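Chemist: See target_8.cif below, with mmCIF, C-alpha atoms, pLDDT in the B column; chains and numbers go by the auth columns.
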data_upload
#
loop_
_atom_site.group_PDB
_atom_site.id
_atom_site.type_symbol
_atom_site.label_atom_id
_atom_site.label_comp_id
_atom_site.label_asym_id
_atom_site.label_seq_id
_atom_site.Cartn_x
_atom_site.Cartn_y
_atom_site.Cartn_z
_atom_site.B_iso_or_equiv
_atom_site.auth_seq_id
_atom_site.auth_asym_id
ATOM 1 C CA GLY A 1 11.835 -54.946 2.508 77.00 1 A
ATOM 2 C CA ARG A 2 9.249 -53.048 0.446 82.00 2 A
ATOM 3 C CA SER A 3 6.332 -55.158 1.751 81.00 3 A
ATOM 4 C CA TRP A 4 5.436 -56.450 -1.705 90.00 4 A
ATOM 5 C CA PRO A 5 3.658 -59.819 -2.041 93.00 5 A
ATOM 6 C CA LEU A 6 5.571 -62.684 -3.604 93.00 6 A
ATOM 7 C CA SER A 7 3.289 -62.487 -6.646 95.00 7 A
ATOM 8 C CA VAL A 8 5.211 -59.483 -8.013 95.00 8 A
ATOM 9 C CA VAL A 9 8.168 -61.756 -8.807 95.00 9 A
ATOM 10 C CA GLU A 10 6.134 -63.504 -11.487 95.00 10 A
ATOM 11 C CA SER A 11 3.896 -60.641 -12.615 95.00 11 A
ATOM 12 C CA PHE A 12 6.844 -58.280 -13.200 96.00 12 A
ATOM 13 C CA GLY A 13 9.389 -60.930 -14.221 95.00 13 A
ATOM 14 C CA LEU A 14 11.860 -60.145 -11.424 95.00 14 A
ATOM 15 C CA GLU A 15 15.063 -62.140 -11.056 93.00 15 A
ATOM 16 C CA VAL A 16 18.037 -62.279 -8.715 92.00 16 A
ATOM 17 C CA VAL A 17 21.318 -62.021 -10.618 89.00 17 A
ATOM 18 C CA GLU A 18 24.913 -62.069 -9.446 86.00 18 A
ATOM 19 C CA ALA A 19 27.717 -59.945 -10.834 75.00 19 A
ATOM 20 C CA ARG A 20 31.214 -59.872 -9.350 69.00 20 A
ATOM 21 C CA GLY A 21 30.060 -61.211 -6.027 78.00 21 A
ATOM 22 C CA THR A 22 27.104 -58.820 -5.599 81.00 22 A
ATOM 23 C CA LEU A 23 23.438 -59.812 -5.771 84.00 23 A
ATOM 24 C CA TRP A 24 21.027 -57.590 -7.701 86.00 24 A
ATOM 25 C CA ILE A 25 17.273 -57.569 -8.287 89.00 25 A
ATOM 26 C CA ARG A 26 16.728 -57.420 -12.060 91.00 26 A
ATOM 27 C CA HIS A 27 13.717 -55.528 -13.462 93.00 27 A
ATOM 28 C CA PRO A 28 13.068 -56.207 -17.175 92.00 28 A
ATOM 29 C CA PHE A 29 11.844 -53.417 -19.472 93.00 29 A
ATOM 30 C CA HIS A 30 9.729 -54.542 -22.444 92.00 30 A
ATOM 31 C CA ASP A 31 9.144 -52.719 -25.717 91.00 31 A
ATOM 32 C CA TYR A 32 7.404 -53.440 -29.000 89.00 32 A
ATOM 33 C CA THR A 33 9.442 -54.883 -31.843 86.00 33 A
ATOM 34 C CA SER A 34 8.940 -54.173 -35.547 86.00 34 A
ATOM 35 C CA ASP A 35 6.379 -57.008 -35.801 88.00 35 A
ATOM 36 C CA GLY A 36 4.362 -55.661 -32.847 86.00 36 A
ATOM 37 C CA SER A 37 5.430 -58.273 -30.322 90.00 37 A
ATOM 38 C CA LEU A 38 6.834 -57.494 -26.876 91.00 38 A
ATOM 39 C CA ALA A 39 10.467 -58.199 -26.070 90.00 39 A
ATOM 40 C CA VAL A 40 12.837 -57.365 -23.222 89.00 40 A
ATOM 41 C CA VAL A 41 15.185 -54.631 -24.451 87.00 41 A
ATOM 42 C CA ALA A 42 16.608 -53.307 -21.182 87.00 42 A
ATOM 43 C CA TYR A 43 17.048 -54.106 -17.514 87.00 43 A
ATOM 44 C CA GLN A 44 17.509 -52.139 -14.366 87.00 44 A
ATOM 45 C CA ASP A 45 19.458 -54.034 -11.735 85.00 45 A
ATOM 46 C CA ARG A 46 18.825 -52.704 -8.243 84.00 46 A
ATOM 47 C CA LEU A 47 20.554 -53.653 -5.036 80.00 47 A
ATOM 48 C CA PRO A 48 18.352 -55.467 -2.515 79.00 48 A
ATOM 49 C CA VAL A 49 17.031 -53.283 0.275 72.00 49 A
ATOM 50 C CA GLY A 50 19.709 -52.730 2.907 60.00 50 A
ATOM 51 C CA VAL A 51 22.633 -53.975 0.784 54.00 51 A
ATOM 52 C CA PRO A 52 25.557 -51.519 0.453 47.00 52 A
ATOM 53 C CA GLU A 53 26.199 -50.071 -2.971 43.00 53 A
ATOM 54 C CA GLY A 54 28.387 -52.331 -5.102 38.00 54 A
ATOM 55 C CA LEU A 55 29.842 -52.584 -8.538 36.00 55 A
ATOM 56 C CA ALA A 56 29.789 -51.580 -12.084 36.00 56 A
ATOM 57 C CA LEU A 57 28.822 -53.439 -15.202 37.00 57 A
ATOM 58 C CA ALA A 58 28.505 -56.573 -17.180 36.00 58 A
ATOM 59 C CA ARG A 59 30.758 -56.452 -20.221 33.00 59 A
ATOM 60 C CA GLY A 60 29.189 -55.695 -23.614 33.00 60 A
ATOM 61 C CA TRP A 61 26.302 -53.545 -22.352 37.00 61 A
ATOM 62 C CA SER A 62 25.889 -49.796 -22.305 39.00 62 A
ATOM 63 C CA LYS A 63 24.866 -48.144 -19.044 44.00 63 A
ATOM 64 C CA TRP A 64 24.221 -45.148 -16.945 37.00 64 A
ATOM 65 C CA SER A 65 24.251 -45.370 -13.178 42.00 65 A
ATOM 66 C CA GLU A 66 22.431 -43.969 -10.195 40.00 66 A
ATOM 67 C CA ARG A 67 22.968 -44.706 -6.523 42.00 67 A
ATOM 68 C CA GLY A 68 22.269 -48.340 -5.768 47.00 68 A
ATOM 69 C CA ALA A 69 21.252 -49.233 -9.318 54.00 69 A
ATOM 70 C CA LYS A 70 22.746 -50.014 -12.698 61.00 70 A
ATOM 71 C CA TRP A 71 21.240 -50.018 -16.172 62.00 71 A
ATOM 72 C CA LEU A 72 21.815 -52.625 -18.852 64.00 72 A
ATOM 73 C CA THR A 73 20.538 -51.954 -22.358 59.00 73 A
ATOM 74 C CA SER A 74 21.168 -53.780 -25.584 54.00 74 A
ATOM 75 C CA SER A 75 23.455 -51.856 -27.913 48.00 75 A
ATOM 76 C CA GLY A 76 21.797 -48.702 -29.235 49.00 76 A
ATOM 77 C CA ALA A 77 18.506 -49.285 -27.432 56.00 77 A
ATOM 78 C CA SER A 78 16.719 -46.626 -25.410 76.00 78 A
ATOM 79 C CA VAL A 79 14.941 -47.529 -22.198 86.00 79 A
ATOM 80 C CA PRO A 80 11.179 -47.891 -22.752 91.00 80 A
ATOM 81 C CA LEU A 81 8.365 -47.375 -20.275 94.00 81 A
ATOM 82 C CA TYR A 82 8.492 -49.884 -17.454 95.00 82 A
ATOM 83 C CA ASN A 83 5.379 -52.098 -17.420 97.00 83 A
ATOM 84 C CA ILE A 84 4.420 -50.781 -20.870 96.00 84 A
ATOM 85 C CA GLN A 85 2.375 -53.942 -21.446 95.00 85 A
ATOM 86 C CA ALA A 86 -0.154 -52.742 -18.842 96.00 86 A
ATOM 87 C CA LEU A 87 -1.378 -50.164 -21.383 96.00 87 A
ATOM 88 C CA GLU A 88 -2.902 -53.018 -23.390 93.00 88 A
ATOM 89 C CA ALA A 89 -5.660 -53.423 -20.770 92.00 89 A
ATOM 90 C CA ASP A 90 -9.225 -52.918 -21.969 91.00 90 A
ATOM 91 C CA GLU A 91 -11.314 -49.843 -21.118 92.00 91 A
ATOM 92 C CA LEU A 92 -8.536 -47.836 -19.517 95.00 92 A
ATOM 93 C CA GLU A 93 -9.437 -44.525 -17.919 95.00 93 A
ATOM 94 C CA GLY A 94 -6.150 -43.337 -16.503 95.00 94 A
ATOM 95 C CA VAL A 95 -2.451 -44.016 -16.099 97.00 95 A
ATOM 96 C CA VAL A 96 -0.094 -43.182 -13.250 97.00 96 A
ATOM 97 C CA LEU A 97 3.425 -42.248 -14.382 97.00 97 A
ATOM 98 C CA CYS A 98 5.992 -43.305 -11.794 97.00 98 A
ATOM 99 C CA GLU A 99 9.696 -42.712 -11.376 95.00 99 A
ATOM 100 C CA GLY A 100 11.379 -46.074 -11.808 91.00 100 A
ATOM 101 C CA PRO A 101 10.405 -49.740 -11.400 93.00 101 A
ATOM 102 C CA ALA A 102 9.967 -49.865 -7.608 93.00 102 A
ATOM 103 C CA ASP A 103 7.337 -47.119 -7.478 96.00 103 A
ATOM 104 C CA THR A 104 5.610 -48.613 -10.540 97.00 104 A
ATOM 105 C CA ILE A 105 5.203 -51.917 -8.725 97.00 105 A
ATOM 106 C CA THR A 106 3.948 -50.171 -5.597 97.00 106 A
ATOM 107 C CA ALA A 107 1.458 -48.082 -7.598 97.00 107 A
ATOM 108 C CA SER A 108 0.262 -51.159 -9.504 98.00 108 A
ATOM 109 C CA LEU A 109 -0.471 -52.907 -6.210 97.00 109 A
ATOM 110 C CA ALA A 110 -2.302 -49.816 -4.940 96.00 110 A
ATOM 111 C CA LEU A 111 -4.420 -49.743 -8.120 97.00 111 A
ATOM 112 C CA GLU A 112 -5.570 -53.369 -7.954 96.00 112 A
ATOM 113 C CA ASP A 113 -9.080 -52.232 -6.944 95.00 113 A
ATOM 114 C CA TYR A 114 -9.176 -49.840 -9.931 96.00 114 A
ATOM 115 C CA PRO A 115 -9.134 -51.990 -13.095 94.00 115 A
ATOM 116 C CA SER A 116 -9.434 -48.940 -15.353 96.00 116 A
ATOM 117 C CA TRP A 117 -6.146 -47.527 -14.015 97.00 117 A
ATOM 118 C CA VAL A 118 -2.593 -48.781 -14.563 98.00 118 A
ATOM 119 C CA ALA A 119 0.898 -47.648 -13.596 98.00 119 A
ATOM 120 C CA VAL A 120 3.953 -47.361 -15.840 98.00 120 A
ATOM 121 C CA GLY A 121 7.464 -46.201 -14.996 96.00 121 A
ATOM 122 C CA ILE A 122 9.966 -43.809 -16.530 94.00 122 A
ATOM 123 C CA ALA A 123 13.733 -44.186 -16.267 88.00 123 A
ATOM 124 C CA GLY A 124 14.218 -40.893 -14.439 87.00 124 A
ATOM 125 C CA ALA A 125 11.808 -37.977 -13.972 89.00 125 A
ATOM 126 C CA GLY A 126 13.261 -35.972 -16.865 90.00 126 A
ATOM 127 C CA ASN A 127 13.213 -38.757 -19.450 91.00 127 A
ATOM 128 C CA PHE A 128 9.638 -38.666 -20.778 94.00 128 A
ATOM 129 C CA ARG A 129 9.731 -39.005 -24.581 93.00 129 A
ATOM 130 C CA GLN A 130 7.623 -37.566 -27.392 93.00 130 A
ATOM 131 C CA GLU A 131 7.048 -41.002 -28.896 91.00 131 A
ATOM 132 C CA TRP A 132 4.944 -42.036 -25.873 94.00 132 A
ATOM 133 C CA ARG A 133 2.222 -39.460 -26.573 94.00 133 A
ATOM 134 C CA ASN A 134 0.147 -41.872 -28.667 93.00 134 A
ATOM 135 C CA LEU A 135 0.309 -44.544 -25.959 94.00 135 A
ATOM 136 C CA LEU A 136 -1.393 -42.172 -23.491 95.00 136 A
ATOM 137 C CA GLU A 137 -3.897 -40.643 -25.900 94.00 137 A
ATOM 138 C CA GLY A 138 -7.343 -40.316 -24.324 93.00 138 A
ATOM 139 C CA LEU A 139 -6.186 -41.275 -20.820 95.00 139 A
ATOM 140 C CA SER A 140 -6.143 -39.187 -17.675 92.00 140 A
ATOM 141 C CA VAL A 141 -2.488 -38.811 -16.731 93.00 141 A
ATOM 142 C CA VAL A 142 -1.321 -38.607 -13.125 92.00 142 A
ATOM 143 C CA VAL A 143 2.370 -37.859 -12.593 93.00 143 A
ATOM 144 C CA ALA A 144 3.541 -39.360 -9.289 94.00 144 A
ATOM 145 C CA PHE A 145 7.277 -38.730 -9.455 94.00 145 A
ATOM 146 C CA ASP A 146 9.434 -38.337 -6.349 93.00 146 A
ATOM 147 C CA ASN A 147 8.831 -35.492 -3.912 89.00 147 A
ATOM 148 C CA ASP A 148 11.696 -33.307 -5.074 88.00 148 A
ATOM 149 C CA GLU A 149 12.448 -30.563 -7.580 87.00 149 A
ATOM 150 C CA ALA A 150 13.469 -33.077 -10.243 90.00 150 A
ATOM 151 C CA GLY A 151 10.051 -34.686 -9.867 90.00 151 A
ATOM 152 C CA ASN A 152 8.313 -31.313 -10.205 86.00 152 A
ATOM 153 C CA ARG A 153 10.328 -30.378 -13.285 88.00 153 A
ATOM 154 C CA GLY A 154 9.631 -33.802 -14.752 91.00 154 A
ATOM 155 C CA ALA A 155 5.879 -33.323 -14.283 88.00 155 A
ATOM 156 C CA ILE A 156 6.041 -30.032 -16.176 87.00 156 A
ATOM 157 C CA SER A 157 8.021 -31.756 -18.930 89.00 157 A
ATOM 158 C CA VAL A 158 5.349 -34.461 -19.239 91.00 158 A
ATOM 159 C CA ALA A 159 2.588 -31.840 -19.538 88.00 159 A
ATOM 160 C CA ASP A 160 4.574 -29.885 -22.116 88.00 160 A
ATOM 161 C CA THR A 161 5.340 -33.010 -24.147 91.00 161 A
ATOM 162 C CA LEU A 162 1.727 -34.204 -24.087 91.00 162 A
ATOM 163 C CA ALA A 163 0.532 -30.639 -24.788 87.00 163 A
ATOM 164 C CA ARG A 164 -2.372 -31.068 -22.377 85.00 164 A
ATOM 165 C CA PRO A 165 -2.973 -30.837 -18.620 81.00 165 A
ATOM 166 C CA VAL A 166 -1.847 -33.608 -16.287 86.00 166 A
ATOM 167 C CA ILE A 167 -2.264 -33.947 -12.522 86.00 167 A
ATOM 168 C CA ARG A 168 0.852 -33.870 -10.348 85.00 168 A
ATOM 169 C CA LYS A 169 0.584 -36.137 -7.292 87.00 169 A
ATOM 170 C CA ARG A 170 3.476 -35.335 -4.976 85.00 170 A
ATOM 171 C CA PRO A 171 3.846 -37.862 -2.147 86.00 171 A
ATOM 172 C CA GLN A 172 4.379 -36.449 1.307 84.00 172 A
ATOM 173 C CA ALA A 173 7.198 -38.984 1.781 87.00 173 A
ATOM 174 C CA HIS A 174 10.132 -39.143 -0.630 90.00 174 A
ATOM 175 C CA ASP A 175 8.450 -41.456 -3.129 92.00 175 A
ATOM 176 C CA LEU A 176 5.384 -43.664 -3.605 93.00 176 A
ATOM 177 C CA THR A 177 6.946 -46.722 -2.008 92.00 177 A
ATOM 178 C CA ASP A 178 7.834 -44.757 1.125 91.00 178 A
ATOM 179 C CA GLU A 179 4.316 -43.280 1.071 90.00 179 A
ATOM 180 C CA ALA A 180 2.775 -46.753 0.937 91.00 180 A
ATOM 181 C CA ARG A 181 4.719 -47.753 4.040 89.00 181 A
ATOM 182 C CA LEU A 182 3.193 -44.780 5.865 87.00 182 A
ATOM 183 C CA VAL A 183 -0.442 -44.863 4.698 87.00 183 A
ATOM 184 C CA GLY A 184 -0.969 -48.341 3.216 90.00 184 A
ATOM 185 C CA LEU A 185 -1.724 -49.477 -0.326 92.00 185 A
ATOM 186 C CA GLN A 186 -5.494 -48.950 -0.244 91.00 186 A
ATOM 187 C CA PRO A 187 -5.371 -45.264 0.777 89.00 187 A
ATOM 188 C CA LEU A 188 -2.594 -44.766 -1.785 91.00 188 A
ATOM 189 C CA GLY A 189 -4.867 -46.111 -4.528 92.00 189 A
ATOM 190 C CA VAL A 190 -7.689 -43.793 -3.469 89.00 190 A
ATOM 191 C CA TRP A 191 -5.319 -40.822 -3.544 89.00 191 A
ATOM 192 C CA LEU A 192 -3.793 -41.680 -6.918 91.00 192 A
ATOM 193 C CA THR A 193 -7.165 -41.947 -8.645 90.00 193 A
ATOM 194 C CA SER A 194 -8.802 -38.896 -7.040 82.00 194 A
ATOM 195 C CA ARG A 195 -8.546 -35.255 -8.056 64.00 195 A
ATOM 196 C CA ALA A 196 -7.374 -34.254 -4.574 48.00 196 A
ATOM 197 C CA THR A 197 -3.627 -33.654 -4.397 45.00 197 A
ATOM 198 C CA LEU A 198 -3.326 -34.132 -0.636 40.00 198 A
ATOM 199 C CA PRO A 199 -4.943 -37.106 1.172 36.00 199 A
ATOM 200 C CA ALA A 200 -6.457 -34.837 3.844 31.00 200 A
ATOM 201 C CA ILE A 201 -8.140 -32.496 1.354 26.00 201 A
ATOM 202 C CA ARG A 202 -11.843 -33.184 0.842 26.00 202 A
ATOM 203 C CA GLU A 203 -12.562 -33.946 -2.800 33.00 203 A
ATOM 204 C CA GLY A 204 -14.989 -31.642 -4.602 34.00 204 A
ATOM 205 C CA SER A 205 -16.002 -30.539 -8.055 31.00 205 A
ATOM 206 C CA PRO A 206 -13.216 -29.192 -10.278 34.00 206 A
ATOM 207 C CA ILE A 207 -13.085 -25.403 -10.259 33.00 207 A
ATOM 208 C CA GLU A 208 -12.629 -23.576 -13.535 36.00 208 A
ATOM 209 C CA PHE A 209 -9.178 -22.220 -14.318 40.00 209 A
ATOM 210 C CA PRO A 210 -7.448 -20.197 -13.037 51.00 210 A
ATOM 211 C CA SER A 211 -8.272 -21.489 -9.550 59.00 211 A
ATOM 212 C CA CYS A 212 -6.506 -24.204 -7.584 62.00 212 A
ATOM 213 C CA TRP A 213 -8.363 -27.508 -7.915 57.00 213 A
ATOM 214 C CA VAL A 214 -7.673 -28.235 -4.240 61.00 214 A
ATOM 215 C CA CYS A 215 -8.306 -25.027 -2.280 64.00 215 A
ATOM 216 C CA ALA A 216 -9.915 -22.767 -4.960 63.00 216 A
ATOM 217 C CA LYS A 217 -7.376 -19.944 -4.577 66.00 217 A
ATOM 218 C CA PRO A 218 -7.163 -17.898 -7.812 68.00 218 A
ATOM 219 C CA GLN A 219 -3.921 -18.508 -9.694 63.00 219 A
ATOM 220 C CA GLU A 220 -1.849 -16.316 -11.967 60.00 220 A
ATOM 221 C CA THR A 221 -0.078 -19.060 -13.889 58.00 221 A
ATOM 222 C CA LEU A 222 -1.208 -22.118 -15.829 52.00 222 A
ATOM 223 C CA ARG A 223 0.478 -24.531 -13.431 56.00 223 A
ATOM 224 C CA GLY A 224 2.566 -24.270 -10.333 61.00 224 A
ATOM 225 C CA LEU A 225 2.806 -24.634 -6.575 64.00 225 A
ATOM 226 C CA CYS A 226 -0.260 -23.106 -4.895 65.00 226 A
ATOM 227 C CA SER A 227 0.751 -20.422 -2.411 62.00 227 A
ATOM 228 C CA ALA A 228 -2.253 -21.173 -0.201 66.00 228 A
ATOM 229 C CA CYS A 229 -2.258 -24.955 0.239 61.00 229 A
ATOM 230 C CA SER A 230 1.087 -25.982 -1.340 60.00 230 A
ATOM 231 C CA ALA A 231 -0.671 -28.344 -3.742 60.00 231 A
ATOM 232 C CA TRP A 232 1.232 -28.848 -6.982 54.00 232 A
ATOM 233 C CA GLU A 233 -1.409 -28.963 -9.696 49.00 233 A
ATOM 234 C CA PHE A 234 -1.777 -28.289 -13.384 41.00 234 A
ATOM 235 C CA TYR A 235 -4.713 -25.977 -13.932 40.00 235 A
ATOM 236 C CA THR A 236 -7.177 -26.312 -16.754 37.00 236 A
ATOM 237 C CA THR A 237 -10.722 -25.344 -17.645 30.00 237 A
#
Is it possible to express this structure as structure tokens?

Modeler:
Amino acid sequence: GRSWPLSVVESFGLEVVEARGTLWIRHPFHDYTSDGSLAVVAYQDRLPVGVPEGLALARGWSKWSERGAKWLTSSGASVPLYNIQALEADELEGVVLCEGPADTITASLALEDYPSWVAVGIAGAGNFRQEWRNLLEGLSVVVAFDNDEAGNRGAISVADTLARPVIRKRPQAHDLTDEARLVGLQPLGVWLTSRATLPAIREGSPIEFPSCWVCAKPQETLRGLCSACSAWEFYTT
């Protein structure tokens, strides 16, 4: 239903699980253990595309819920970055922060022609954590959360937590997966790795703060929604 190739089942460790008569797609979240190895510490179970919302939880796991999804975490564990293992790639230039597993998979497919870029996912736009700063040190950070106010607030939170500028990529559709259906994976990859916020904007040289990187309109704040072209950017020198 999301037009993903079958290869994502293996590369992201997806499974189909059944709970109380309902089928779910299980997305494993890995994190580093005390000895530095990777282990699955959490899952997000999502309903297959088109399946009505169903049921609560497996016994013995903590959870929080959103529409059409349920979370399963081992006792006391916090949910790590989805696809955190991608940050081990050599010679990385940039990382795309996505909202949830589905958009992370879509972004990863869109970035296949850009080996120096990877995508990782956050369990909700407002859940970026201080402890992830070191993981992103030295990388260009693109925040591609959903096209809503929670996504905008989450992008500001990421920039504040990292204490440096990031680029906010706001899809014209609701989220990256919907955007990929409209424009295709290849154009999505070009957009995610470029400085241009909107696909139709011609890319040019960055303009020194406090001007909009997209349309060059002078700005009065460090970051915000440009009144001229509606690009949501974080401004920097």

Chemist: Running the PyMOL selection byres ((chain A and resi 27-31) around 12) on this model by hand, what would come out? Give it as an MDAnalysis selection string.

Modeler: chainID A and resid 8:17 24:26 32:48 69:74 77:87 100:102 104:105 120:123 132

Chemist: Given the file shown, enumerate the residues that the PyMOL selection byres ((chain A and resi 154-171) around 6) captures and present them as a PDB file with C-alpha atoms, in the frame of the given file.

Modeler:
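Below is the file that was written, result38.pdb:
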ATOM      1  CA  ALA A 125      11.808 -37.977 -13.972  1.00 89.00           C
ATOM      2  CA  GLY A 126      13.261 -35.972 -16.865  1.00 90.00           C
ATOM      3  CA  ARG A 133       2.222 -39.460 -26.573  1.00 94.00           C
ATOM      4  CA  VAL A 141      -2.488 -38.811 -16.731  1.00 93.00           C
ATOM      5  CA  VAL A 142      -1.321 -38.607 -13.125  1.00 92.00           C
ATOM      6  CA  VAL A 143       2.370 -37.859 -12.593  1.00 93.00           C
ATOM      7  CA  ALA A 144       3.541 -39.360  -9.289  1.00 94.00           C
ATOM      8  CA  ASN A 147       8.831 -35.492  -3.912  1.00 89.00           C
ATOM      9  CA  ALA A 150      13.469 -33.077 -10.243  1.00 90.00           C
ATOM     10  CA  GLY A 151      10.051 -34.686  -9.867  1.00 90.00           C
ATOM     11  CA  ASN A 152       8.313 -31.313 -10.205  1.00 86.00           C
ATOM     12  CA  ARG A 153      10.328 -30.378 -13.285  1.00 88.00           C
ATOM     13  CA  GLN A 172       4.379 -36.449   1.307  1.00 84.00           C
ATOM     14  CA  ALA A 173       7.198 -38.984   1.781  1.00 87.00           C
ATOM     15  CA  ASP A 175       8.450 -41.456  -3.129  1.00 92.00           C
ATOM     16  CA  THR A 197      -3.627 -33.654  -4.397  1.00 45.00           C
ATOM     17  CA  GLU A 233      -1.409 -28.963  -9.696  1.00 49.00           C
ATOM     18  CA  PHE A 234      -1.777 -28.289 -13.384  1.00 41.00           C
TER      19      PHE A 234
END

Chemist: Find the distance between CA of Gln186 in chain A and CA of Leu136 in chain A and write it in Å to one decimal.

Modeler: 24.6 Å

Chemist: For Gly138 in chain A, find every residue with an atom within 10 Å (counting all atoms listed in the file), except residues of its own chain fewer than 6 positions away, and show them as a PyMOL selection string.

Modeler: chain A and resi 92-94

Chemist: For each of A:Leu97, A:His174, A:Glu88, A:Trp191, take the minimum atom-to-atom distance to Asp148 in chain A, counting all atoms listed in the file, then give the residue where this is smallest.

Modeler: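 Closest to Asp148 in chain A of all the choices is A:His174.
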
Chemist: Could you jot down the CA of Tyr114 in chain A to CA of Phe128 in chain A separation for me, Å, one decimal place?

Modeler: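 Interatomic distance, CA of Tyr114 in chain A to CA of Phe128 in chain A: 24.4 Å.
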
Chemist: I'd like to know which of A:Thr177, A:Ala110, A:Thr193, A:Glu18 is closest to Gly1 in chain A, using all atoms listed in the file.

Modeler: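 Under the stated criterion, the closest residue is A:Thr177.
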
Chemist: So what do you get for CA of Leu23 in chain A versus CA of Ser3 in chain A, distance-wise?

Modeler: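 So the answer is 19.3 Å.
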
Chemist: Box time for range 28-43 of chain A: axis-aligned, enclosing all its listed atoms, 4 Å extra on each side; report centre and edge lengths in Å to one decimal, as JSON.

Modeler:
{"center_x": 10.7, "center_y": -55.5, "center_z": -26.5, "size_x": 20.7, "size_y": 13.6, "size_z": 26.6}

Chemist: Can you work out which one of A:Leu139, A:Leu176, A:Leu109, A:Ala119 has the shortest atom-to-atom distance to Pro5 in chain A, counting all atoms listed in the file?

Modeler: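 Result for the nearest residue to Pro5 in chain A: A:Leu109.
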
Chemist: Quick one: of A:Val95, A:Ala180, A:Ala19, A:Arg2, who's nearest to Glu137 in chain A, counting only C-alpha atoms?

Modeler: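 Of A:Val95, A:Ala180, A:Ala19, A:Arg2, the one nearest Glu137 in chain A, counting only C-alpha atoms, is A:Val95.
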
Chemist: Find, counting only C-alpha atoms, the residue in A:Glu91, A:Thr22, A:Ser7, A:Thr106 that gets nearest to Gly184 in chain A.

Modeler: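 So, comparing all the options, the nearest one is A:Thr106.
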